[in-house]
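*Asks:* Sending over entry_32.pdb (PDB, C-alpha atoms).
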```pdb
MODEL        1
ATOM      1  CA  MET A   1      -7.771 -11.502   6.434
ATOM      2  CA  GLN A   2     -10.761 -10.673   4.327
ATOM      3  CA  THR A   3     -10.330 -10.988   0.564
ATOM      4  CA  LEU A   4     -11.633  -7.883  -1.201
ATOM      5  CA  THR A   5     -12.755  -7.619  -4.815
ATOM      6  CA  THR A   6     -13.213  -4.740  -7.224
ATOM      7  CA  PRO A   7     -14.408  -4.824 -10.826
ATOM      8  CA  ARG A   8     -10.874  -5.627 -12.034
ATOM      9  CA  LEU A   9      -8.919  -6.803  -8.997
ATOM     10  CA  THR A  10      -8.781  -9.361  -6.218
ATOM     11  CA  LEU A  11      -7.051  -8.233  -3.024
ATOM     12  CA  ARG A  12      -5.984 -11.296  -1.054
ATOM     13  CA  PRO A  13      -3.428 -12.226   1.592
ATOM     14  CA  TRP A  14       0.135 -12.718   0.393
ATOM     15  CA  GLN A  15       1.205 -16.374   0.533
ATOM     16  CA  PRO A  16       4.669 -17.981   0.723
ATOM     17  CA  ASP A  17       4.045 -19.238  -2.841
ATOM     18  CA  ASP A  18       4.058 -15.560  -3.905
ATOM     19  CA  ALA A  19       7.706 -15.063  -2.883
ATOM     20  CA  ASP A  20       8.897 -14.866  -6.498
ATOM     21  CA  ALA A  21       6.375 -12.089  -7.234
ATOM     22  CA  VAL A  22       7.419 -10.237  -4.063
ATOM     23  CA  LEU A  23      11.059 -10.482  -5.108
ATOM     24  CA  ASP A  24      10.218  -9.325  -8.645
ATOM     25  CA  ILE A  25       8.378  -6.236  -7.356
ATOM     26  CA  TYR A  26      10.638  -5.275  -4.452
ATOM     27  CA  SER A  27      13.980  -5.928  -6.179
ATOM     28  CA  ARG A  28      13.381  -2.933  -8.455
ATOM     29  CA  TRP A  29      14.892   0.429  -7.563
ATOM     30  CA  ASP A  30      12.087   2.274  -9.393
ATOM     31  CA  VAL A  31       9.618   0.672  -6.931
ATOM     32  CA  MET A  32      11.760   1.105  -3.801
ATOM     33  CA  ARG A  33      13.341   4.524  -4.314
ATOM     34  CA  TYR A  34      10.684   6.303  -2.225
ATOM     35  CA  VAL A  35      10.114   3.549   0.374
ATOM     36  CA  GLY A  36      11.552   3.870   3.866
ATOM     37  CA  THR A  37      14.140   6.130   5.431
ATOM     38  CA  THR A  38      16.972   4.338   3.631
ATOM     39  CA  PRO A  39      15.520   2.714   0.510
ATOM     40  CA  ARG A  40      16.930  -0.668  -0.484
ATOM     41  CA  VAL A  41      15.867  -3.395  -2.858
ATOM     42  CA  LEU A  42      15.353  -7.037  -1.997
ATOM     43  CA  GLU A  43      18.095  -9.266  -3.347
ATOM     44  CA  HIS A  44      17.192 -12.797  -2.267
ATOM     45  CA  ARG A  45      14.121 -15.013  -2.192
ATOM     46  CA  ASP A  46      14.531 -15.571   1.570
ATOM     47  CA  GLU A  47      14.061 -11.803   2.048
ATOM     48  CA  ALA A  48      10.801 -12.041   0.098
ATOM     49  CA  LEU A  49       9.637 -14.953   2.270
ATOM     50  CA  ALA A  50      10.479 -12.961   5.408
ATOM     51  CA  ARG A  51       8.482 -10.024   4.077
ATOM     52  CA  VAL A  52       5.441 -12.256   3.406
ATOM     53  CA  ALA A  53       5.682 -13.602   6.977
ATOM     54  CA  ALA A  54       5.922 -10.075   8.412
ATOM     55  CA  TRP A  55       2.926  -8.951   6.374
ATOM     56  CA  ALA A  56       0.851 -11.841   7.748
ATOM     57  CA  GLU A  57       1.457 -10.500  11.261
ATOM     58  CA  VAL A  58      -0.238  -7.192  10.373
ATOM     59  CA  ASP A  59      -3.611  -8.915   9.866
ATOM     60  CA  ASP A  60      -6.016  -8.173  12.709
ATOM     61  CA  GLY A  61      -9.287  -8.241  10.780
ATOM     62  CA  THR A  62      -9.068  -4.530   9.974
ATOM     63  CA  HIS A  63      -5.413  -3.904   9.187
ATOM     64  CA  GLY A  64      -3.635  -6.017   6.612
ATOM     65  CA  VAL A  65      -1.304  -6.234   3.659
ATOM     66  CA  TRP A  66      -2.982  -7.515   0.505
ATOM     67  CA  ALA A  67      -1.593  -8.889  -2.738
ATOM     68  CA  VAL A  68      -3.254  -7.133  -5.683
ATOM     69  CA  VAL A  69      -4.124  -9.591  -8.458
ATOM     70  CA  PRO A  70      -5.860  -8.652 -11.737
ATOM     71  CA  ARG A  71      -9.003 -10.735 -12.231
ATOM     72  CA  GLU A  72      -8.274 -11.112 -15.959
ATOM     73  CA  ASP A  73      -5.181 -10.921 -18.146
ATOM     74  CA  ASP A  74      -4.509  -7.217 -18.417
ATOM     75  CA  GLY A  75      -1.800  -7.274 -21.050
ATOM     76  CA  ALA A  76       0.874  -6.060 -18.614
ATOM     77  CA  GLY A  77       3.121  -8.961 -19.539
ATOM     78  CA  LEU A  78       3.068 -10.481 -16.061
ATOM     79  CA  PRO A  79       2.043 -14.110 -15.427
ATOM     80  CA  ASP A  80      -1.725 -14.669 -15.215
ATOM     81  CA  GLY A  81      -2.836 -14.877 -11.598
ATOM     82  CA  ALA A  82       0.379 -13.311 -10.312
ATOM     83  CA  PRO A  83       0.209 -10.374  -7.903
ATOM     84  CA  VAL A  84       1.103  -7.063  -9.527
ATOM     85  CA  GLY A  85       1.335  -5.056  -6.329
ATOM     86  CA  THR A  86       0.715  -4.563  -2.651
ATOM     87  CA  ILE A  87      -1.886  -2.504  -0.822
ATOM     88  CA  LEU A  88      -1.441  -2.022   2.907
ATOM     89  CA  LEU A  89      -3.474  -0.718   5.816
ATOM     90  CA  LYS A  90      -1.414  -0.644   8.998
ATOM     91  CA  SER A  91      -0.425   1.261  12.094
ATOM     92  CA  ILE A  92       2.016   4.020  11.162
ATOM     93  CA  PRO A  93       4.971   4.613  13.482
ATOM     94  CA  ALA A  94       5.576   8.016  15.034
ATOM     95  CA  SER A  95       8.886   9.770  14.639
ATOM     96  CA  GLY A  96      11.210   9.301  17.572
ATOM     97  CA  THR A  97      14.463   7.834  18.750
ATOM     98  CA  GLY A  98      13.371   4.334  19.728
ATOM     99  CA  ASP A  99      14.141   1.212  17.758
ATOM    100  CA  PRO A 100      11.654   0.183  16.639
ATOM    101  CA  LEU A 101       9.700   3.425  16.340
ATOM    102  CA  GLN A 102       6.559   3.470  18.461
ATOM    103  CA  PRO A 103       2.992   3.513  17.086
ATOM    104  CA  SER A 104       1.505   6.945  16.415
ATOM    105  CA  GLY A 105      -2.101   5.880  16.926
ATOM    106  CA  ASP A 106      -2.858   6.573  13.257
ATOM    107  CA  THR A 107      -3.564   4.090  10.468
ATOM    108  CA  GLU A 108      -1.731   4.354   7.155
ATOM    109  CA  ILE A 109      -2.732   3.242   3.679
ATOM    110  CA  GLY A 110      -0.016   2.653   1.097
ATOM    111  CA  TRP A 111       0.753   0.830  -2.148
ATOM    112  CA  HIS A 112       3.634  -0.532  -4.186
ATOM    113  CA  PHE A 113       3.196  -1.857  -7.728
ATOM    114  CA  HIS A 114       5.280  -3.592 -10.372
ATOM    115  CA  PRO A 115       6.251  -1.041 -13.050
ATOM    116  CA  ALA A 116       4.411  -3.102 -15.699
ATOM    117  CA  ALA A 117       1.203  -2.357 -13.766
ATOM    118  CA  TRP A 118       1.738   1.413 -13.479
ATOM    119  CA  GLY A 119      -0.726   3.701 -15.241
ATOM    120  CA  ARG A 120      -3.604   1.213 -15.195
ATOM    121  CA  GLY A 121      -5.495   2.705 -12.233
ATOM    122  CA  TYR A 122      -4.836  -0.316 -10.023
ATOM    123  CA  ALA A 123      -3.496   1.683  -7.066
ATOM    124  CA  SER A 124      -6.559   3.946  -7.006
ATOM    125  CA  GLU A 125      -8.982   1.054  -7.433
ATOM    126  CA  ALA A 126      -7.339  -1.093  -4.749
ATOM    127  CA  ALA A 127      -6.917   1.821  -2.329
ATOM    128  CA  SER A 128     -10.585   2.793  -2.681
ATOM    129  CA  ALA A 129     -11.600  -0.764  -1.774
ATOM    130  CA  VAL A 130      -9.274  -0.833   1.237
ATOM    131  CA  LEU A 131     -10.523   2.556   2.466
ATOM    132  CA  ALA A 132     -14.124   1.330   2.208
ATOM    133  CA  HIS A 133     -13.078  -1.759   4.196
ATOM    134  CA  ALA A 134     -11.327   0.417   6.815
ATOM    135  CA  PHE A 135     -14.344   2.625   7.370
ATOM    136  CA  ALA A 136     -16.746  -0.352   7.410
ATOM    137  CA  ARG A 137     -14.543  -1.848  10.166
ATOM    138  CA  GLY A 138     -14.920   1.315  12.264
ATOM    139  CA  LEU A 139     -11.802   3.361  11.564
ATOM    140  CA  ASP A 140     -12.483   7.106  11.724
ATOM    141  CA  ARG A 141      -9.432   8.381   9.829
ATOM    142  CA  VAL A 142      -6.760   7.006   7.515
ATOM    143  CA  VAL A 143      -3.541   8.773   6.531
ATOM    144  CA  ALA A 144      -1.098   8.358   3.671
ATOM    145  CA  VAL A 145       2.448   9.661   3.643
ATOM    146  CA  THR A 146       4.599   9.975   0.556
ATOM    147  CA  HIS A 147       8.125  11.049  -0.204
ATOM    148  CA  PRO A 148       7.915  14.749  -1.195
ATOM    149  CA  ASP A 149       9.046  13.862  -4.745
ATOM    150  CA  ASN A 150       6.600  10.976  -5.271
ATOM    151  CA  ALA A 151       4.081  12.781  -7.478
ATOM    152  CA  ALA A 152       2.467   9.528  -8.679
ATOM    153  CA  SER A 153       1.468   8.403  -5.171
ATOM    154  CA  GLN A 154       0.308  11.921  -4.320
ATOM    155  CA  ALA A 155      -1.949  11.802  -7.392
ATOM    156  CA  VAL A 156      -3.420   8.496  -6.177
ATOM    157  CA  CYS A 157      -4.123  10.091  -2.786
ATOM    158  CA  ARG A 158      -6.051  12.898  -4.456
ATOM    159  CA  ARG A 159      -7.952  10.530  -6.785
ATOM    160  CA  ILE A 160      -9.246   8.500  -3.842
ATOM    161  CA  GLY A 161     -10.476  11.604  -2.026
ATOM    162  CA  MET A 162      -7.650  12.187   0.440
ATOM    163  CA  THR A 163      -6.907  15.775   1.435
ATOM    164  CA  PRO A 164      -3.338  17.093   1.280
ATOM    165  CA  ARG A 165      -2.221  18.418   4.686
ATOM    166  CA  GLY A 166       1.275  19.607   3.775
ATOM    167  CA  ARG A 167       4.650  18.383   4.911
ATOM    168  CA  THR A 168       5.161  16.673   8.237
ATOM    169  CA  ASP A 169       7.930  14.971  10.139
ATOM    170  CA  ALA A 170       5.523  13.229  12.532
ATOM    171  CA  TYR A 171       5.992   9.751  11.033
ATOM    172  CA  TYR A 172       8.919   7.429  10.320
ATOM    173  CA  GLY A 173      11.483  10.041  11.372
ATOM    174  CA  VAL A 174      11.470  11.644   7.911
ATOM    175  CA  THR A 175       9.830  14.597   6.205
ATOM    176  CA  CYS A 176       6.922  13.493   4.037
ATOM    177  CA  GLU A 177       3.765  14.778   2.412
ATOM    178  CA  LEU A 178       0.707  13.988   4.542
ATOM    179  CA  PHE A 179      -2.763  13.172   3.203
ATOM    180  CA  ASP A 180      -5.819  12.039   5.125
ATOM    181  CA  VAL A 181      -9.463  11.121   4.769
ATOM    182  CA  THR A 182     -12.105  10.581   7.434
ATOM    183  CA  ALA A 183     -15.039   8.203   7.518
ATOM    184  CA  ALA A 184     -17.358  11.222   7.487
ATOM    185  CA  GLU A 185     -15.806  12.369   4.205
ATOM    186  CA  GLY A 186     -16.251   8.919   2.719
ATOM    187  CA  VAL A 187     -14.400   7.253  -0.086
ATOM    188  CA  ARG A 188     -14.346   8.560  -3.612
ATOM    189  CA  ALA A 189     -14.607   5.476  -5.769
ATOM    190  CA  ALA A 190     -11.810   5.398  -8.284
ATOM    191  CA  ARG A 191     -12.855   4.702 -11.832
ATOM    192  CA  PRO A 192     -10.968   1.964 -13.624
ATOM    193  CA  ALA A 193      -8.468   3.326 -16.145
TER     194      ALA A 193
ENDMDL
END
```
As structure tokens - that is how I would like this structure written.

*Replies:*
Amino acid sequence: MQTLTTPRLTLRPWQPDDADAVLDIYSRWDVMRYVGTTPRVLEHRDEALARVAAWAEVDDGTHGVWAVVPREDDGAGLPDGAPVGTILLKSIPASGTGDPLQPSGDTEIGWHFHPAAWGRGYASEAASAVLAHAFARGLDRVVAVTHPDNAASQAVCRRIGMTPRGRTDAYYGVTCELFDVTAAEGVRAARPA
């Protein structure tokens, strides 16, 4: 997986050594409350290790799941060099009855951040870099779906130039807000906060 850099961030593959950071981020209800059809927090380090292993399988040179690491101490109170969030670019499953759900043919961008990193513009900055990567690798369109109540993620979608398309039940078997952006529309570079 290609490491990406922005003025303030390094986006790199998650490693097994990051399991404690994964557990710290994904054990928090305020992070997980809008994630998945039945949100749940991680409770054990072995769950974090399993998640890192699953994320590694997404990497195909275009798609991937990156750890977001500030390039300098940002005063968030997290350990220097520790990931503060996740940015993902992956195939999004279509709604349906199968288990697992089948691919939709679309590519999704998404993000999850430690609450200490919220409000710093990291999601917008990282997502802009990943969209630029996606379009440079030949993708024509990227979608984002959010829980209808997740105003913060919807704001990130708008800041990075994604267009709101309304509610849909086409993905994950749930109703969500759909956003998209095409390569022709380009990427609106997010300004650091």

*Asks:* Could you pull the residues within 7 Å of A:Gly110, counting all atoms listed in the file, minus those fewer than 6 positions along the same chain, as a VMD selection string?

*Replies:* chain A and resid 87 to 89 144

*Asks:* Please produce a file of those selected residues containing C-alpha atoms, as a PDB file, keeping the file's coordinate frame.

*Replies:*
```
ATOM      1  CA  ILE A  87      -1.886  -2.504  -0.822  1.00  0.00           C
ATOM      2  CA  LEU A  88      -1.441  -2.022   2.907  1.00  0.00           C
ATOM      3  CA  LEU A  89      -3.474  -0.718   5.816  1.00  0.00           C
ATOM      4  CA  ALA A 144      -1.098   8.358   3.671  1.00  0.00           C
TER       5      ALA A 144
END
```

*Asks:* For A:Pro16, which residue among A:Thr146, A:Tyr34, A:Ala53, A:Val41 is the nearest when counting all atoms listed in the file?

*Replies:* A:Ala53

*Asks:* Excluding A:Thr182 and residues on its chain fewer than 4 positions from it, collect all residues at most 8 Å away from it, counting all atoms listed in the file, and give them as a ChimeraX atom specification.

*Replies:* /A:140-142,186

*Asks:* Atom CA of A:Val31 and atom CA of A:Pro83 are how many Å apart?

*Replies:*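 Computing the Euclidean distance for atom CA of A:Val31 and atom CA of A:Pro83 yields 14.5 Å.
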
*Asks:* Residues at most 9 Å from A:Leu139, counting all atoms listed in the file, excluding those fewer than 2 positions away in the same chain, as a list in words?

*Replies:* Thr62, Thr107, Ala134, Phe135, Ala136, Arg137, Arg141, Val142, Thr182 and Ala183 of chain A

*Asks:* Report as a list in words the residues that result from applying the PyMOL selection byres ((chain A and resi 173) around 8) to the structure here.

*Replies:*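 Evaluating the PyMOL selection byres ((chain A and resi 173) around 8) on this file yields Thr37, Ala94, Ser95, Gly96, Asp169, Ala170, Tyr171, Tyr172, Val174 and Thr175 of chain A.
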
*Asks:* Rounded to one decimal in Å, what is the spacing between atom CA of A:Glu72 and atom CA of A:Thr10?

*Replies:*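 It comes out at 9.9 Å.
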
*Asks:* Which residues come within 9 Å of A:Trp111, counting all atoms listed in the file, excluding same-chain residues fewer than 4 positions away, as a ChimeraX atom specification?

*Replies:* /A:85-88,123,126-127,153

*Asks:* Determine, counting all atoms listed in the file, every residue of protein, DNA or RNA that lies within 8 Å of (-11.3, -0.9, -4.4) in the file coordinates, then give the result as an mmCIF file with C-alpha atoms, in the frame of the given file.

*Replies:*
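What landed in selection_37.cif:
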```
data_model
loop_
_atom_site.group_PDB
_atom_site.id
_atom_site.type_symbol
_atom_site.label_atom_id
_atom_site.label_comp_id
_atom_site.auth_asym_id
_atom_site.auth_seq_id
_atom_site.Cartn_x
_atom_site.Cartn_y
_atom_site.Cartn_z
ATOM 1 C CA LEU A 4 -11.633 -7.883 -1.201
ATOM 2 C CA THR A 5 -12.755 -7.619 -4.815
ATOM 3 C CA THR A 6 -13.213 -4.740 -7.224
ATOM 4 C CA LEU A 9 -8.919 -6.803 -8.997
ATOM 5 C CA SER A 124 -6.559 3.946 -7.006
ATOM 6 C CA GLU A 125 -8.982 1.054 -7.433
ATOM 7 C CA ALA A 126 -7.339 -1.093 -4.749
ATOM 8 C CA ALA A 127 -6.917 1.821 -2.329
ATOM 9 C CA SER A 128 -10.585 2.793 -2.681
ATOM 10 C CA ALA A 129 -11.600 -0.764 -1.774
ATOM 11 C CA VAL A 130 -9.274 -0.833 1.237
ATOM 12 C CA LEU A 131 -10.523 2.556 2.466
ATOM 13 C CA ALA A 132 -14.124 1.330 2.208
ATOM 14 C CA ALA A 189 -14.607 5.476 -5.769
ATOM 15 C CA ALA A 190 -11.810 5.398 -8.284
#
```

*Asks:* To one decimal in Å, tell me the separation between atom CA of A:Pro70 and atom CA of A:Glu185.

*Replies:*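 Interatomic distance here is 28.2 Å.
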
*Asks:* May I ask which of the residues A:Arg159, A:His112, A:Arg8, A:Arg167 is the closest one to A:Ala67, counting only C-alpha atoms?

*Replies:*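 Smallest distance to A:Ala67 is found for A:His112.
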
*Asks:* Find the spatial neighbours of A:Leu49, counting only C-alpha atoms, within a cut-off of 10 Å - ignore same-chain residues fewer than 5 positions away - and output them as a tab-separated table (two decimals) with C-alpha atoms, in the coordinates of the input.

*Replies:*
```tsv
chain	number	residue	atom	x	y	z
A	14	TRP	CA	0.14	-12.72	0.39
A	15	GLN	CA	1.20	-16.37	0.53
A	16	PRO	CA	4.67	-17.98	0.72
A	17	ASP	CA	4.04	-19.24	-2.84
A	18	ASP	CA	4.06	-15.56	-3.90
A	19	ALA	CA	7.71	-15.06	-2.88
A	20	ASP	CA	8.90	-14.87	-6.50
A	22	VAL	CA	7.42	-10.24	-4.06
A	23	LEU	CA	11.06	-10.48	-5.11
A	44	HIS	CA	17.19	-12.80	-2.27
A	54	ALA	CA	5.92	-10.07	8.41
A	55	TRP	CA	2.93	-8.95	6.37
```

*Asks:* If I only have part of stretch 162-183 of chain A, can you fill in N, CA and C atoms and write it as a compact mmCIF listing (two decimals), in the coordinates of the input?

*Replies:*
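So out.txt came out as:
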```
# COMPACT_ATOMS: atom_id res chain seq x y z
N MET A 162 -8.43 11.76 -0.72
CA MET A 162 -7.65 12.19 0.44
C MET A 162 -7.29 13.67 0.29
N THR A 163 -7.21 14.35 1.41
CA THR A 163 -6.91 15.78 1.44
C THR A 163 -5.44 15.99 1.75
N PRO A 164 -4.73 16.79 0.95
CA PRO A 164 -3.34 17.09 1.28
C PRO A 164 -3.27 17.99 2.51
N ARG A 165 -2.37 17.66 3.44
CA ARG A 165 -2.22 18.42 4.69
C ARG A 165 -0.86 19.09 4.80
N GLY A 166 -0.04 18.98 3.75
CA GLY A 166 1.27 19.61 3.78
C GLY A 166 2.35 18.65 4.27
N ARG A 167 3.51 19.20 4.47
CA ARG A 167 4.65 18.38 4.91
C ARG A 167 4.60 18.18 6.42
N THR A 168 5.09 17.01 6.82
CA THR A 168 5.16 16.67 8.24
C THR A 168 6.40 15.83 8.49
N ASP A 169 6.87 15.88 9.72
CA ASP A 169 7.93 14.97 10.14
C ASP A 169 7.45 14.12 11.31
N ALA A 170 6.13 13.96 11.41
CA ALA A 170 5.52 13.23 12.53
C ALA A 170 5.65 11.72 12.42
N TYR A 171 5.97 11.20 11.24
CA TYR A 171 5.99 9.75 11.03
C TYR A 171 7.34 9.29 10.48
N TYR A 172 7.74 8.11 10.87
CA TYR A 172 8.92 7.43 10.32
C TYR A 172 10.25 8.16 10.53
N GLY A 173 10.24 9.31 11.18
CA GLY A 173 11.48 10.04 11.37
C GLY A 173 11.99 10.72 10.12
N VAL A 174 11.10 10.97 9.16
CA VAL A 174 11.47 11.64 7.91
C VAL A 174 10.42 12.69 7.56
N THR A 175 10.79 13.62 6.70
CA THR A 175 9.83 14.60 6.20
C THR A 175 9.07 13.98 5.04
N CYS A 176 7.75 14.06 5.10
CA CYS A 176 6.92 13.49 4.04
C CYS A 176 5.69 14.36 3.83
N GLU A 177 5.04 14.13 2.70
CA GLU A 177 3.76 14.78 2.41
C GLU A 177 2.67 13.97 3.09
N LEU A 178 1.78 14.64 3.80
CA LEU A 178 0.71 13.99 4.54
C LEU A 178 -0.63 14.21 3.83
N PHE A 179 -1.39 13.14 3.71
CA PHE A 179 -2.76 13.17 3.20
C PHE A 179 -3.63 12.44 4.21
N ASP A 180 -4.91 12.81 4.28
CA ASP A 180 -5.82 12.04 5.12
C ASP A 180 -7.23 12.09 4.57
N VAL A 181 -8.04 11.17 5.08
CA VAL A 181 -9.46 11.12 4.77
C VAL A 181 -10.16 10.55 5.99
N THR A 182 -11.34 11.07 6.29
CA THR A 182 -12.10 10.58 7.43
C THR A 182 -13.31 9.79 6.95
N ALA A 183 -13.85 8.98 7.85
CA ALA A 183 -15.04 8.20 7.52
C ALA A 183 -16.19 9.13 7.14
```
